[in-house]
Amino acid sequence: MFHTRPAAVAGAFYPDDRATLLAQVEGCLHAADEPRDGERPPKAIIAPHAGYVYSGPVAAAAYSRVAALRGRVSRVVLAGPAHRVWVRGAAVPRADRFATPLGDVKVDAEAVARLRRLPCVETSDEAHAREHSLEVQLPFLMATLGEFTLVPLVVGGATPDEVALLLREVWGGEETLVVVSSDLSHFLPYEAARRRDRGTAEAITALSPRLEPEDACGAAPVNGLLVVARQRGLEAELVDLRNSGDTAGGRNQVVGYGAFVFREREADHA
């Protein structure tokens, strides 16, 4: 019998109707800048996870690059921060499927079993049950990649080296895409947020794993990705940097959003 994790924020963060949801995601992707001619597809991305009306256009800037991997990527490692249930390290679910209005996504049981053997990983359906940071990425992944299996990780108090250990365990090859879900600064005035988020973007593109939760709610998984990216010689590119004051909100208190792609260096790719 399948154990399915139901969609928790459909109808709130994004539409719960299949057709409406698909139209919104495709609209965001259509409006995003297209990849440059000859641009190499990413091995990893960072994308925001707020309600689509706020962060969807920024997330689409990363996912427009992911679309080139359709038919090549069959597994997605998806790591996001714990907002609802705290975990000391990171948590994988017991569930073997994640439900969305676009259909179910199957969990990669073999990869999750390998992660469970690591000392900083616990098994917790509770940590996943109401967590939106992973869920809101799934419709974008399904629209761009089609079918894939999922390795879902909710990250709590894990250190950068612990997250890096997890990611290396399931890094894989060309069949695997790594997605880290994170917003940037929270509830600053518009100009202050822009300054802080520019500094955060500079740290990310420099592969400097020094982010604090005040810089990005997903600082823990982002820092772990930066450790691995540096070890593996990846290059990071900022493809969009905005905040809720630019998309759908007021400017007294805003939330920052950044879209980043990580690629192999040209020589390594060749």
# chains A, B, ... in the order shown; residues from 1 in each chain; ligands from 1
$ select_by_dssp --residues "range 33-196 of chain A" --states "alpha helix (DSSP H)" --output "number ranges by chain"
A: 52-66, 109-116, 125-129, 132-135, 138-145, 160-169, 190-196
$ residues_around --residues "Val58 in chain A" --least-positions-apart "6" --cutoff "12 Å" --atoms "only C-alpha atoms" --output "PDB file with N, CA and C atoms, in the first residue's frame"
ATOM      1  N   VAL A  25       1.815  28.296 -13.739  1.00  0.00           N
ATOM      2  CA  VAL A  25       3.223  27.908 -13.845  1.00  0.00           C
ATOM      3  C   VAL A  25       3.741  28.184 -15.254  1.00  0.00           C
ATOM      4  N   CYS A  28       4.311  31.874 -15.812  1.00  0.00           N
ATOM      5  CA  CYS A  28       5.556  32.351 -15.221  1.00  0.00           C
ATOM      6  C   CYS A  28       6.762  31.945 -16.069  1.00  0.00           C
ATOM      7  N   LEU A  29       6.762  30.714 -16.547  1.00  0.00           N
ATOM      8  CA  LEU A  29       7.877  30.234 -17.364  1.00  0.00           C
ATOM      9  C   LEU A  29       7.950  30.992 -18.690  1.00  0.00           C
ATOM     10  N   ALA A  31       7.041  34.016 -19.250  1.00  0.00           N
ATOM     11  CA  ALA A  31       7.468  35.394 -19.028  1.00  0.00           C
ATOM     12  C   ALA A  31       8.935  35.499 -18.619  1.00  0.00           C
ATOM     13  N   ALA A  32       9.548  34.394 -18.203  1.00  0.00           N
ATOM     14  CA  ALA A  32      10.941  34.417 -17.754  1.00  0.00           C
ATOM     15  C   ALA A  32      11.883  34.599 -18.937  1.00  0.00           C
ATOM     16  N   ASP A  33      13.042  35.163 -18.661  1.00  0.00           N
ATOM     17  CA  ASP A  33      14.060  35.286 -19.696  1.00  0.00           C
ATOM     18  C   ASP A  33      14.470  33.903 -20.183  1.00  0.00           C
ATOM     19  N   ILE A  46      18.940  27.173  -7.015  1.00  0.00           N
ATOM     20  CA  ILE A  46      18.268  27.688  -5.820  1.00  0.00           C
ATOM     21  C   ILE A  46      17.062  28.463  -6.308  1.00  0.00           C
ATOM     22  N   ALA A  47      15.883  28.173  -5.743  1.00  0.00           N
ATOM     23  CA  ALA A  47      14.649  28.842  -6.145  1.00  0.00           C
ATOM     24  C   ALA A  47      13.834  29.185  -4.905  1.00  0.00           C
ATOM     25  N   PRO A  48      13.056  30.278  -4.944  1.00  0.00           N
ATOM     26  CA  PRO A  48      12.259  30.689  -3.780  1.00  0.00           C
ATOM     27  C   PRO A  48      10.995  29.860  -3.627  1.00  0.00           C
ATOM     28  N   HIS A  49      10.342  30.001  -2.463  1.00  0.00           N
ATOM     29  CA  HIS A  49       9.215  29.118  -2.150  1.00  0.00           C
ATOM     30  C   HIS A  49       8.019  29.844  -1.532  1.00  0.00           C
ATOM     31  N   ALA A  50       7.818  31.108  -1.857  1.00  0.00           N
ATOM     32  CA  ALA A  50       6.644  31.811  -1.343  1.00  0.00           C
ATOM     33  C   ALA A  50       5.431  31.496  -2.222  1.00  0.00           C
ATOM     34  N   GLY A  51       4.292  32.124  -1.915  1.00  0.00           N
ATOM     35  CA  GLY A  51       3.143  31.993  -2.779  1.00  0.00           C
ATOM     36  C   GLY A  51       3.505  32.416  -4.193  1.00  0.00           C
ATOM     37  N   TYR A  52       2.934  31.741  -5.180  1.00  0.00           N
ATOM     38  CA  TYR A  52       3.350  31.969  -6.559  1.00  0.00           C
ATOM     39  C   TYR A  52       3.150  33.406  -7.016  1.00  0.00           C
ATOM     40  N   SER A  64      13.271  27.984 -16.001  1.00  0.00           N
ATOM     41  CA  SER A  64      13.374  28.089 -17.450  1.00  0.00           C
ATOM     42  C   SER A  64      14.675  27.459 -17.944  1.00  0.00           C
ATOM     43  N   PHE A 140       6.501  23.310 -10.489  1.00  0.00           N
ATOM     44  CA  PHE A 140       7.494  23.813 -11.452  1.00  0.00           C
ATOM     45  C   PHE A 140       8.359  22.676 -11.979  1.00  0.00           C
ATOM     46  N   SER A 182      14.777  28.233  -1.097  1.00  0.00           N
ATOM     47  CA  SER A 182      15.035  29.260  -0.089  1.00  0.00           C
ATOM     48  C   SER A 182      14.545  30.616  -0.562  1.00  0.00           C
ATOM     49  N   ASP A 183      13.915  31.364   0.335  1.00  0.00           N
ATOM     50  CA  ASP A 183      13.723  32.790   0.148  1.00  0.00           C
ATOM     51  C   ASP A 183      14.941  33.502   0.726  1.00  0.00           C
ATOM     52  N   LEU A 184      15.001  34.810   0.567  1.00  0.00           N
ATOM     53  CA  LEU A 184      16.131  35.579   1.080  1.00  0.00           C
ATOM     54  C   LEU A 184      15.690  36.373   2.312  1.00  0.00           C
ATOM     55  N   LEU A 238      23.685  34.190 -10.803  1.00  0.00           N
ATOM     56  CA  LEU A 238      22.427  34.813 -10.404  1.00  0.00           C
ATOM     57  C   LEU A 238      21.622  35.098 -11.665  1.00  0.00           C
ATOM     58  N   VAL A 239      20.388  34.576 -11.733  1.00  0.00           N
ATOM     59  CA  VAL A 239      19.564  34.823 -12.912  1.00  0.00           C
ATOM     60  C   VAL A 239      18.360  35.713 -12.624  1.00  0.00           C
ATOM     61  N   ASP A 240      18.026  35.930 -11.360  1.00  0.00           N
ATOM     62  CA  ASP A 240      16.975  36.893 -11.010  1.00  0.00           C
ATOM     63  C   ASP A 240      17.107  37.229  -9.532  1.00  0.00           C
ATOM     64  N   LEU A 241      16.857  38.493  -9.203  1.00  0.00           N
ATOM     65  CA  LEU A 241      16.917  38.948  -7.815  1.00  0.00           C
ATOM     66  C   LEU A 241      15.882  40.054  -7.661  1.00  0.00           C
ATOM     67  N   ARG A 242      14.802  39.728  -6.964  1.00  0.00           N
ATOM     68  CA  ARG A 242      13.727  40.686  -6.737  1.00  0.00           C
ATOM     69  C   ARG A 242      13.162  40.440  -5.352  1.00  0.00           C
ATOM     70  N   ASN A 243      12.117  41.176  -4.996  1.00  0.00           N
ATOM     71  CA  ASN A 243      11.425  40.926  -3.748  1.00  0.00           C
ATOM     72  C   ASN A 243       9.938  41.144  -3.947  1.00  0.00           C
ATOM     73  N   SER A 244       9.181  40.906  -2.894  1.00  0.00           N
ATOM     74  CA  SER A 244       7.722  40.985  -3.002  1.00  0.00           C
ATOM     75  C   SER A 244       7.250  42.392  -3.357  1.00  0.00           C
ATOM     76  N   ASP A 246       8.529  44.092  -5.662  1.00  0.00           N
ATOM     77  CA  ASP A 246       8.626  44.149  -7.122  1.00  0.00           C
ATOM     78  C   ASP A 246       7.538  43.339  -7.807  1.00  0.00           C
ATOM     79  N   THR A 247       6.979  42.366  -7.109  1.00  0.00           N
ATOM     80  CA  THR A 247       6.073  41.423  -7.768  1.00  0.00           C
ATOM     81  C   THR A 247       4.616  41.671  -7.406  1.00  0.00           C
ATOM     82  N   ALA A 248       4.268  41.577  -6.123  1.00  0.00           N
ATOM     83  CA  ALA A 248       2.834  41.648  -5.809  1.00  0.00           C
ATOM     84  C   ALA A 248       2.520  42.224  -4.439  1.00  0.00           C
ATOM     85  N   GLY A 256      12.630  38.830   0.231  1.00  0.00           N
ATOM     86  CA  GLY A 256      13.515  38.755  -0.921  1.00  0.00           C
ATOM     87  C   GLY A 256      13.495  37.387  -1.587  1.00  0.00           C
ATOM     88  N   TYR A 257      13.690  37.388  -2.910  1.00  0.00           N
ATOM     89  CA  TYR A 257      13.699  36.155  -3.695  1.00  0.00           C
ATOM     90  C   TYR A 257      14.870  36.190  -4.674  1.00  0.00           C
ATOM     91  N   GLY A 258      15.594  35.101  -4.746  1.00  0.00           N
ATOM     92  CA  GLY A 258      16.682  34.986  -5.712  1.00  0.00           C
ATOM     93  C   GLY A 258      16.612  33.672  -6.448  1.00  0.00           C
ATOM     94  N   ALA A 259      17.005  33.680  -7.714  1.00  0.00           N
ATOM     95  CA  ALA A 259      17.094  32.462  -8.517  1.00  0.00           C
ATOM     96  C   ALA A 259      18.544  32.315  -8.970  1.00  0.00           C
ATOM     97  N   PHE A 260      19.119  31.157  -8.684  1.00  0.00           N
ATOM     98  CA  PHE A 260      20.526  30.899  -8.985  1.00  0.00           C
ATOM     99  C   PHE A 260      20.651  29.552  -9.693  1.00  0.00           C
TER     100      PHE A 260
END
$ closest_atom_pairs --of "range 73-159 of chain A" --to "range 215-228 of chain A" --cutoff "10 Å" --atoms "only C-alpha atoms" --output "CSV"
residue,atom,partner,partner_atom,distance
A:Leu78,CA,A:Pro221,CA,9.8
A:Ala79,CA,A:Pro221,CA,6.4
A:Gly80,CA,A:Gly218,CA,6.2
A:Pro81,CA,A:Gly218,CA,4.9
A:Ala82,CA,A:Gly218,CA,8.3
A:His83,CA,A:Cys217,CA,8.7
A:Gly89,CA,A:Ala220,CA,9.7
A:Ala90,CA,A:Pro221,CA,9.5
A:Ser133,CA,A:Gly218,CA,8.9
A:Leu153,CA,A:Pro221,CA,9.2
A:Val154,CA,A:Pro221,CA,8.8
A:Val155,CA,A:Pro221,CA,6.4
A:Gly156,CA,A:Ala220,CA,7.3
A:Gly157,CA,A:Ala220,CA,7.2
A:Ala158,CA,A:Ala220,CA,6.5
A:Thr159,CA,A:Ala220,CA,6.6
$ select_by_dssp --residues "range 51-249 of chain A" --states "strand (DSSP E)" --output "JSON, numbers by chain"
{"A": [75, 76, 77, 78, 79, 80, 81, 90, 91, 92, 97, 98, 99, 100, 103, 104, 105, 106, 107, 121, 122, 123, 149, 150, 151, 152, 153, 154, 155, 176, 177, 178, 179, 180, 181, 186, 187, 188, 234, 235, 236, 237, 238, 239, 240, 241, 242, 243]}
$ residues_around --residues "Pro41 in chain A" --least-positions-apart "4" --cutoff "10 Å" --atoms "only C-alpha atoms" --output "list in words"
Pro35, Ser64, Arg65, Val66, Ala67, Ala68, Leu69, Val261, Phe262, Arg263 and Glu264 of chain A
$ closest_residue --among "A:Gly103, A:Arg94, A:Arg130, A:Val136" --to "Arg116 in chain A" --atoms "only C-alpha atoms"
A:Arg94
$ closest_residue --among "A:Phe13, A:Phe187, A:Tyr54, A:Phe98" --to "Leu138 in chain A" --atoms "only C-alpha atoms"
A:Phe98
$ closest_residue --among "A:Arg75, A:His128, A:Arg88, A:Arg70" --to "Val163 in chain A" --atoms "only C-alpha atoms"
A:Arg88
$ residues_around --residues "Pro6 in chain A" --least-positions-apart "4" --cutoff "8 Å" --atoms "only C-alpha atoms" --output "PyMOL selection string"
chain A and resi 98-100+129
$ write_last_selection --atoms "C-alpha atoms" --output "PDB file, in the first residue's frame"
ATOM      1  CA  PHE A  98       4.039  13.327  -2.722  1.00  0.00           C
ATOM      2  CA  ALA A  99       0.613  14.378  -4.025  1.00  0.00           C
ATOM      3  CA  THR A 100       0.104  17.556  -6.082  1.00  0.00           C
ATOM      4  CA  ALA A 129       3.465  17.070   6.563  1.00  0.00           C
TER       5      ALA A 129
END
$ closest_residue --among "A:Gly199, A:Gly233, A:Gly38, A:Gly56" --to "Pro139 in chain A" --atoms "only C-alpha atoms"
A:Gly56
$ closest_residue --among "A:Ala95, A:Ala12, A:Ala164, A:Val254" --to "Val151 in chain A" --atoms "only C-alpha atoms"
A:Ala95
$ atom_distance --atom1 "CA of Thr4 in chain A" --atom2 "CA of Arg72 in chain A"
25.8 Å
$ closest_residue --among "A:Ala60, A:Arg117, A:Ser181, A:Arg40" --to "Leu134 in chain A" --atoms "only C-alpha atoms"
A:Ser181
